[in-house]
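What follows is one structure encoded as structure tokens, with my remarks underneath.
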Amino acid sequence: MRNRGRTGTALVTGASSGIGREIARVLAERGYDLVISARRVERLEQLAGELRDRWGAGVTLAPADLSAPEGPDVLMAEVGGHGLALDVLVNCAGTGNPAPFHLTSWEEHQRTIQLMALSPARLIHLLMPGMLERGYGRVVCVCSGAVWVPGLPFHGFYAPTKGFLYKLTQTLAVEYAGSGVTFSATLPGFTESEMLDLSGARHMTDKMPSYMVAPTRQVAVETVDACLSGRVSHTHTWFNRLVFGVMKHAPSRYAHLMMLRERDRLQADLDASSAPAPAVESVRI
Ligand SMILES: NC(=O)c1ccc[n+]([C@@H]2O[C@H](COP(=O)([O-])OP(=O)(O)OC[C@H]3O[C@@H](n4cnc5c(N)ncnc54)[C@H](OP(=O)(O)O)[C@@H]3O)[C@@H](O)[C@H]2O)c1
């Protein structure tokens, strides 16, 4: 239950690492109690201890596999069981497994679509009635600058599901304007987290100047700011605003040519990789 004097209660998915974990810390700092979700329970327990000791936050663990269709309901059963009314939803869980589209099993594609599109949408759908009834709610989906890139080769449903989520938040932001419930999307570019290893981008980001890879803390603070202020869309860092701005407005033929070059580079990476290509089944699930 909510601690006396706390600001409200926020659910953060993907809270076991990276951006989601940092968002949970920022929300606790700002006086929120937390429901934290991911699959790695020991990581959630560690974070819960930190948030309770450091910020006096009330923390509920709601472990769930959001790549399974029943994941959001399992999560919400945990929340319902604790009698918690949620004021803030942060949809942050995600993953990225580079592999050629046709060599990835259909079941793996389905898990990606569930995790990155359907589960966040289902959580929004489950939480909205309560938020609307109370006349207050803040929803943010951590999308990606990939939304502006014309095709992300070897990342299958990553960009399509981020685009889905981005359009969904935009749609709901308009439909429910004035209701007290707001919908935001944030669009990070490269951000320091485990995702860089999972998505095979680490070797590239290691060679980049620091302004091209955002610190997790900065992305988390900006995500929380955008969410609480009800900003519809936010792109992180000046560098990403510049790059994605160019991508967004470049004639599609040139943008496509740029991505063809990227395809060749990624293909060479996959060919050179010592890991058995495509290592998708073993990475996360
Ligand atoms: N890092 C970047 O460069 C970057 C750029 C643009 C957008 N993003 C987006 O930012 C979000 C957070 O990513 P991150 O960079 O913080 O990566 P991360 O450190 O790998 O964190 C991903 C989080 O998602 C959770 N997750 C993964 N699969 C899950 C599943 N099946 N069920 C439930 N939870 C699951 C992970 O927890 P468990 O493994 O414990 O379940 C983890 O807490 C993602 O949506 C990602 O697409 C990241």
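Here's how to read the names in the structure tokens: chain A, B, ... by the order shown, residue numbers from 1 in each chain, ligand numbers from 1 in the order shown.
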
Do a neighbour search on Ala28 (chain A) at 9 Å with only C-alpha atoms, toss out local chain neighbours closer than 4 positions, and write the hits as a PyMOL selection string.
chain A and resi 23-24+32-34+51-52+54-58

Store the residues picked out above in a file with all heavy atoms, as an mmCIF file, in the first residue's frame.
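Once written, out_36.cif looks like this:
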```cif
data_model
loop_
_atom_site.group_PDB
_atom_site.id
_atom_site.type_symbol
_atom_site.label_atom_id
_atom_site.label_comp_id
_atom_site.auth_asym_id
_atom_site.auth_seq_id
_atom_site.Cartn_x
_atom_site.Cartn_y
_atom_site.Cartn_z
ATOM 1 N N ILE A 23 14.760 4.705 -14.372
ATOM 2 C CA ILE A 23 13.470 5.414 -14.254
ATOM 3 C C ILE A 23 12.851 5.134 -12.883
ATOM 4 O O ILE A 23 12.319 6.034 -12.230
ATOM 5 C CB ILE A 23 12.509 4.985 -15.392
ATOM 6 C CG1 ILE A 23 12.972 5.588 -16.734
ATOM 7 C CG2 ILE A 23 11.070 5.419 -15.091
ATOM 8 C CD1 ILE A 23 12.196 5.083 -17.951
ATOM 9 N N ALA A 24 12.931 3.889 -12.435
ATOM 10 C CA ALA A 24 12.389 3.541 -11.113
ATOM 11 C C ALA A 24 13.091 4.358 -10.033
ATOM 12 O O ALA A 24 12.461 4.869 -9.101
ATOM 13 C CB ALA A 24 12.550 2.045 -10.860
ATOM 14 N N TYR A 32 7.569 8.781 -5.482
ATOM 15 C CA TYR A 32 6.601 7.753 -5.880
ATOM 16 C C TYR A 32 6.912 6.418 -5.206
ATOM 17 O O TYR A 32 8.078 6.063 -5.005
ATOM 18 C CB TYR A 32 6.634 7.549 -7.408
ATOM 19 C CG TYR A 32 5.896 8.643 -8.151
ATOM 20 C CD1 TYR A 32 6.529 9.835 -8.466
ATOM 21 C CD2 TYR A 32 4.548 8.493 -8.492
ATOM 22 C CE1 TYR A 32 5.850 10.857 -9.124
ATOM 23 C CE2 TYR A 32 3.865 9.509 -9.141
ATOM 24 C CZ TYR A 32 4.521 10.688 -9.457
ATOM 25 O OH TYR A 32 3.845 11.696 -10.095
ATOM 26 N N ASP A 33 5.847 5.692 -4.901
ATOM 27 C CA ASP A 33 5.975 4.274 -4.596
ATOM 28 C C ASP A 33 6.024 3.539 -5.926
ATOM 29 O O ASP A 33 5.540 4.042 -6.938
ATOM 30 C CB ASP A 33 4.773 3.793 -3.776
ATOM 31 C CG ASP A 33 4.811 4.330 -2.352
ATOM 32 O OD1 ASP A 33 5.916 4.656 -1.877
ATOM 33 O OD2 ASP A 33 3.741 4.438 -1.735
ATOM 34 N N LEU A 34 6.596 2.350 -5.915
ATOM 35 C CA LEU A 34 6.858 1.663 -7.178
ATOM 36 C C LEU A 34 6.308 0.247 -7.221
ATOM 37 O O LEU A 34 6.320 -0.451 -6.203
ATOM 38 C CB LEU A 34 8.381 1.550 -7.379
ATOM 39 C CG LEU A 34 9.153 2.665 -8.099
ATOM 40 C CD1 LEU A 34 8.586 2.930 -9.479
ATOM 41 C CD2 LEU A 34 9.210 3.943 -7.314
ATOM 42 N N LEU A 51 15.580 1.113 -3.222
ATOM 43 C CA LEU A 51 14.557 2.173 -3.256
ATOM 44 C C LEU A 51 13.927 2.380 -1.868
ATOM 45 O O LEU A 51 13.627 3.504 -1.479
ATOM 46 C CB LEU A 51 13.466 1.850 -4.285
ATOM 47 C CG LEU A 51 13.929 1.651 -5.735
ATOM 48 C CD1 LEU A 51 12.752 1.371 -6.646
ATOM 49 C CD2 LEU A 51 14.706 2.864 -6.245
ATOM 50 N N ARG A 52 13.770 1.282 -1.144
ATOM 51 C CA ARG A 52 13.195 1.396 0.218
ATOM 52 C C ARG A 52 14.182 2.087 1.145
ATOM 53 O O ARG A 52 13.833 3.019 1.862
ATOM 54 C CB ARG A 52 12.882 -0.005 0.768
ATOM 55 C CG ARG A 52 11.686 -0.657 0.097
ATOM 56 C CD ARG A 52 11.408 -2.045 0.704
ATOM 57 N NE ARG A 52 10.414 -2.751 -0.080
ATOM 58 C CZ ARG A 52 10.588 -3.959 -0.635
ATOM 59 N NH1 ARG A 52 11.737 -4.610 -0.476
ATOM 60 N NH2 ARG A 52 9.631 -4.517 -1.326
ATOM 61 N N ARG A 54 16.938 3.935 0.461
ATOM 62 C CA ARG A 54 17.418 5.270 0.094
ATOM 63 C C ARG A 54 16.312 6.317 0.074
ATOM 64 O O ARG A 54 16.533 7.455 0.464
ATOM 65 C CB ARG A 54 18.066 5.141 -1.295
ATOM 66 C CG ARG A 54 18.855 6.323 -1.665
ATOM 67 C CD ARG A 54 20.113 6.028 -2.420
ATOM 68 N NE ARG A 54 20.754 7.307 -2.683
ATOM 69 C CZ ARG A 54 21.177 7.687 -3.847
ATOM 70 N NH1 ARG A 54 21.088 6.869 -4.869
ATOM 71 N NH2 ARG A 54 21.715 8.875 -4.010
ATOM 72 N N TRP A 55 15.116 5.931 -0.409
ATOM 73 C CA TRP A 55 14.066 6.927 -0.621
ATOM 74 C C TRP A 55 12.817 6.671 0.207
ATOM 75 O O TRP A 55 11.841 7.416 0.102
ATOM 76 C CB TRP A 55 13.689 6.989 -2.110
ATOM 77 C CG TRP A 55 14.877 7.214 -2.975
ATOM 78 C CD1 TRP A 55 15.500 6.312 -3.791
ATOM 79 C CD2 TRP A 55 15.633 8.422 -3.095
ATOM 80 N NE1 TRP A 55 16.584 6.873 -4.409
ATOM 81 C CE2 TRP A 55 16.694 8.171 -4.006
ATOM 82 C CE3 TRP A 55 15.527 9.695 -2.529
ATOM 83 C CZ2 TRP A 55 17.629 9.143 -4.349
ATOM 84 C CZ3 TRP A 55 16.456 10.661 -2.864
ATOM 85 C CH2 TRP A 55 17.489 10.379 -3.763
ATOM 86 N N GLY A 56 12.801 5.618 0.975
ATOM 87 C CA GLY A 56 11.625 5.308 1.786
ATOM 88 C C GLY A 56 10.424 4.924 0.928
ATOM 89 O O GLY A 56 9.269 5.065 1.359
ATOM 90 N N ALA A 57 10.677 4.469 -0.283
ATOM 91 C CA ALA A 57 9.579 4.139 -1.196
ATOM 92 C C ALA A 57 8.933 2.809 -0.808
ATOM 93 O O ALA A 57 9.614 1.888 -0.353
ATOM 94 C CB ALA A 57 10.100 4.050 -2.629
ATOM 95 N N GLY A 58 7.628 2.716 -0.997
ATOM 96 C CA GLY A 58 6.950 1.426 -0.918
ATOM 97 C C GLY A 58 7.169 0.724 -2.249
ATOM 98 O O GLY A 58 6.973 1.346 -3.291
#
```

In region 32-261 of chain A, what's strand (DSSP E or B) per DSSP? Answer as a ChimeraX atom specification?
/A:32-37,59-61,88-91,137-142,181-187,191,214,233-235

Using only C-alpha atoms and all ligand atoms, tabulate the residues of chain A lying at most 6 Å from any atom of ligand 1, each with its closest atom pair and that distance in Å to one decimal, by chain and increasing residue number, as a tab-separated table.
```
residue	atom	partner	partner_atom_place_in_ligand_line	distance
A:Gly14	CA	ligand 1	43 (O)	3.2
A:Ala15	CA	ligand 1	43 (O)	4.5
A:Ser16	CA	ligand 1	43 (O)	3.8
A:Ser17	CA	ligand 1	19 (O)	4.3
A:Gly18	CA	ligand 1	16 (O)	3.4
A:Ile19	CA	ligand 1	16 (O)	3.7
A:Gly20	CA	ligand 1	16 (O)	5.5
A:Ala38	CA	ligand 1	34 (N)	4.0
A:Arg39	CA	ligand 1	41 (O)	3.5
A:Arg40	CA	ligand 1	40 (O)	3.7
A:Ala64	CA	ligand 1	33 (C)	5.7
A:Asp65	CA	ligand 1	32 (N)	3.6
A:Leu66	CA	ligand 1	32 (N)	3.8
A:Ser67	CA	ligand 1	31 (N)	4.3
A:Cys92	CA	ligand 1	45 (O)	4.7
A:Ala93	CA	ligand 1	24 (O)	3.4
A:Gly94	CA	ligand 1	45 (O)	3.6
A:Thr95	CA	ligand 1	27 (C)	5.2
A:Leu115	CA	ligand 1	31 (N)	5.9
A:Val142	CA	ligand 1	45 (O)	5.5
A:Cys143	CA	ligand 1	7 (C)	5.6
A:Ser144	CA	ligand 1	7 (C)	4.1
A:Pro188	CA	ligand 1	6 (C)	4.4
A:Gly189	CA	ligand 1	5 (C)	4.6
A:Phe190	CA	ligand 1	3 (O)	3.4
A:Thr191	CA	ligand 1	3 (O)	3.8
A:Glu192	CA	ligand 1	1 (N)	5.7
A:Ser193	CA	ligand 1	19 (O)	4.6
A:Glu194	CA	ligand 1	19 (O)	4.1
A:Met195	CA	ligand 1	20 (O)	3.9
A:Leu196	CA	ligand 1	1 (N)	5.7
```

Would you write out those residues with N, CA and C atoms, as a PDB file, in the first residue's frame?
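The new file out30.pdb reads:
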```pdb
ATOM      1  N   GLY A  14      10.426  -3.533 -17.274  1.00  0.00           N
ATOM      2  CA  GLY A  14      11.844  -3.478 -17.671  1.00  0.00           C
ATOM      3  C   GLY A  14      12.697  -2.846 -16.587  1.00  0.00           C
ATOM      4  N   ALA A  15      12.293  -3.072 -15.317  1.00  0.00           N
ATOM      5  CA  ALA A  15      12.960  -2.374 -14.209  1.00  0.00           C
ATOM      6  C   ALA A  15      14.202  -3.104 -13.701  1.00  0.00           C
ATOM      7  N   SER A  16      14.536  -4.251 -14.295  1.00  0.00           N
ATOM      8  CA  SER A  16      15.689  -4.994 -13.759  1.00  0.00           C
ATOM      9  C   SER A  16      17.017  -4.484 -14.285  1.00  0.00           C
ATOM     10  N   SER A  17      16.988  -3.616 -15.296  1.00  0.00           N
ATOM     11  CA  SER A  17      18.269  -3.092 -15.795  1.00  0.00           C
ATOM     12  C   SER A  17      18.052  -1.834 -16.628  1.00  0.00           C
ATOM     13  N   GLY A  18      19.170  -1.204 -16.973  1.00  0.00           N
ATOM     14  CA  GLY A  18      19.190  -0.119 -17.950  1.00  0.00           C
ATOM     15  C   GLY A  18      18.247   1.038 -17.661  1.00  0.00           C
ATOM     16  N   ILE A  19      17.543   1.459 -18.688  1.00  0.00           N
ATOM     17  CA  ILE A  19      16.708   2.667 -18.608  1.00  0.00           C
ATOM     18  C   ILE A  19      15.574   2.490 -17.587  1.00  0.00           C
ATOM     19  N   GLY A  20      14.936   1.322 -17.605  1.00  0.00           N
ATOM     20  CA  GLY A  20      13.810   1.077 -16.691  1.00  0.00           C
ATOM     21  C   GLY A  20      14.236   1.134 -15.235  1.00  0.00           C
ATOM     22  N   ALA A  38       9.845  -7.270 -14.287  1.00  0.00           N
ATOM     23  CA  ALA A  38      10.812  -7.826 -15.245  1.00  0.00           C
ATOM     24  C   ALA A  38      10.811  -9.321 -14.956  1.00  0.00           C
ATOM     25  N   ARG A  39      11.709 -10.083 -15.611  1.00  0.00           N
ATOM     26  CA  ARG A  39      11.768 -11.511 -15.317  1.00  0.00           C
ATOM     27  C   ARG A  39      12.791 -11.848 -14.232  1.00  0.00           C
ATOM     28  N   ARG A  40      13.887 -11.086 -14.166  1.00  0.00           N
ATOM     29  CA  ARG A  40      14.966 -11.439 -13.234  1.00  0.00           C
ATOM     30  C   ARG A  40      14.642 -10.928 -11.825  1.00  0.00           C
ATOM     31  N   ALA A  64       7.080 -10.778 -14.291  1.00  0.00           N
ATOM     32  CA  ALA A  64       6.241 -11.306 -15.380  1.00  0.00           C
ATOM     33  C   ALA A  64       7.071 -11.394 -16.651  1.00  0.00           C
ATOM     34  N   ASP A  65       6.751 -12.399 -17.464  1.00  0.00           N
ATOM     35  CA  ASP A  65       7.354 -12.496 -18.787  1.00  0.00           C
ATOM     36  C   ASP A  65       6.387 -11.839 -19.771  1.00  0.00           C
ATOM     37  N   LEU A  66       6.725 -10.647 -20.215  1.00  0.00           N
ATOM     38  CA  LEU A  66       5.810  -9.896 -21.083  1.00  0.00           C
ATOM     39  C   LEU A  66       5.906 -10.326 -22.540  1.00  0.00           C
ATOM     40  N   SER A  67       6.724 -11.332 -22.827  1.00  0.00           N
ATOM     41  CA  SER A  67       6.714 -11.873 -24.197  1.00  0.00           C
ATOM     42  C   SER A  67       5.670 -12.978 -24.315  1.00  0.00           C
ATOM     43  N   CYS A  92       8.562   0.080 -20.465  1.00  0.00           N
ATOM     44  CA  CYS A  92       9.976   0.209 -20.858  1.00  0.00           C
ATOM     45  C   CYS A  92      10.588  -1.113 -21.302  1.00  0.00           C
ATOM     46  N   ALA A  93      10.002  -2.254 -20.901  1.00  0.00           N
ATOM     47  CA  ALA A  93      10.621  -3.550 -21.229  1.00  0.00           C
ATOM     48  C   ALA A  93      10.808  -3.688 -22.737  1.00  0.00           C
ATOM     49  N   GLY A  94      11.923  -4.238 -23.125  1.00  0.00           N
ATOM     50  CA  GLY A  94      12.169  -4.445 -24.551  1.00  0.00           C
ATOM     51  C   GLY A  94      13.438  -5.240 -24.744  1.00  0.00           C
ATOM     52  N   THR A  95      13.656  -5.689 -25.951  1.00  0.00           N
ATOM     53  CA  THR A  95      14.886  -6.405 -26.260  1.00  0.00           C
ATOM     54  C   THR A  95      15.206  -6.256 -27.737  1.00  0.00           C
ATOM     55  N   LEU A 115       6.023  -8.744 -26.617  1.00  0.00           N
ATOM     56  CA  LEU A 115       6.779  -7.950 -25.641  1.00  0.00           C
ATOM     57  C   LEU A 115       6.787  -6.463 -25.963  1.00  0.00           C
ATOM     58  N   VAL A 142       8.508   3.874 -23.697  1.00  0.00           N
ATOM     59  CA  VAL A 142       9.870   4.109 -24.175  1.00  0.00           C
ATOM     60  C   VAL A 142       9.953   3.479 -25.564  1.00  0.00           C
ATOM     61  N   CYS A 143       9.898   4.330 -26.571  1.00  0.00           N
ATOM     62  CA  CYS A 143       9.950   3.849 -27.961  1.00  0.00           C
ATOM     63  C   CYS A 143      11.398   3.884 -28.415  1.00  0.00           C
ATOM     64  N   SER A 144      11.681   4.453 -29.566  1.00  0.00           N
ATOM     65  CA  SER A 144      13.063   4.481 -30.058  1.00  0.00           C
ATOM     66  C   SER A 144      13.146   5.388 -31.270  1.00  0.00           C
ATOM     67  N   PRO A 188      14.590   7.350 -27.473  1.00  0.00           N
ATOM     68  CA  PRO A 188      16.033   7.376 -27.266  1.00  0.00           C
ATOM     69  C   PRO A 188      16.774   6.906 -28.518  1.00  0.00           C
ATOM     70  N   GLY A 189      17.998   7.402 -28.652  1.00  0.00           N
ATOM     71  CA  GLY A 189      18.943   6.785 -29.586  1.00  0.00           C
ATOM     72  C   GLY A 189      19.807   5.846 -28.761  1.00  0.00           C
ATOM     73  N   PHE A 190      21.040   5.614 -29.210  1.00  0.00           N
ATOM     74  CA  PHE A 190      21.924   4.724 -28.439  1.00  0.00           C
ATOM     75  C   PHE A 190      22.022   5.209 -27.000  1.00  0.00           C
ATOM     76  N   THR A 191      21.767   4.290 -26.076  1.00  0.00           N
ATOM     77  CA  THR A 191      21.814   4.604 -24.647  1.00  0.00           C
ATOM     78  C   THR A 191      22.620   3.520 -23.957  1.00  0.00           C
ATOM     79  N   GLU A 192      23.441   3.915 -23.000  1.00  0.00           N
ATOM     80  CA  GLU A 192      24.305   2.962 -22.297  1.00  0.00           C
ATOM     81  C   GLU A 192      23.447   1.977 -21.496  1.00  0.00           C
ATOM     82  N   SER A 193      23.399   0.722 -21.930  1.00  0.00           N
ATOM     83  CA  SER A 193      22.648  -0.311 -21.194  1.00  0.00           C
ATOM     84  C   SER A 193      23.008  -1.679 -21.762  1.00  0.00           C
ATOM     85  N   GLU A 194      22.441  -2.726 -21.133  1.00  0.00           N
ATOM     86  CA  GLU A 194      22.698  -4.088 -21.618  1.00  0.00           C
ATOM     87  C   GLU A 194      22.188  -4.294 -23.041  1.00  0.00           C
ATOM     88  N   MET A 195      21.223  -3.448 -23.421  1.00  0.00           N
ATOM     89  CA  MET A 195      20.650  -3.552 -24.771  1.00  0.00           C
ATOM     90  C   MET A 195      21.734  -3.436 -25.848  1.00  0.00           C
ATOM     91  N   LEU A 196      22.768  -2.674 -25.573  1.00  0.00           N
ATOM     92  CA  LEU A 196      23.828  -2.503 -26.569  1.00  0.00           C
ATOM     93  C   LEU A 196      24.525  -3.839 -26.830  1.00  0.00           C
TER      94      LEU A 196
END
```

Met128 (chain A) environment, 10 Å, only C-alpha atoms, sequence neighbours closer than 4 positions dropped, as a VMD selection string:
chain A and resid 86 to 87 89 122 to 124 132 to 134 136 to 139 181

Shell around Val90 (chain A) at 7 Å using only C-alpha atoms, local window under 4 positions removed, as an NGL selection string
:A and (11-13 or 139-141)
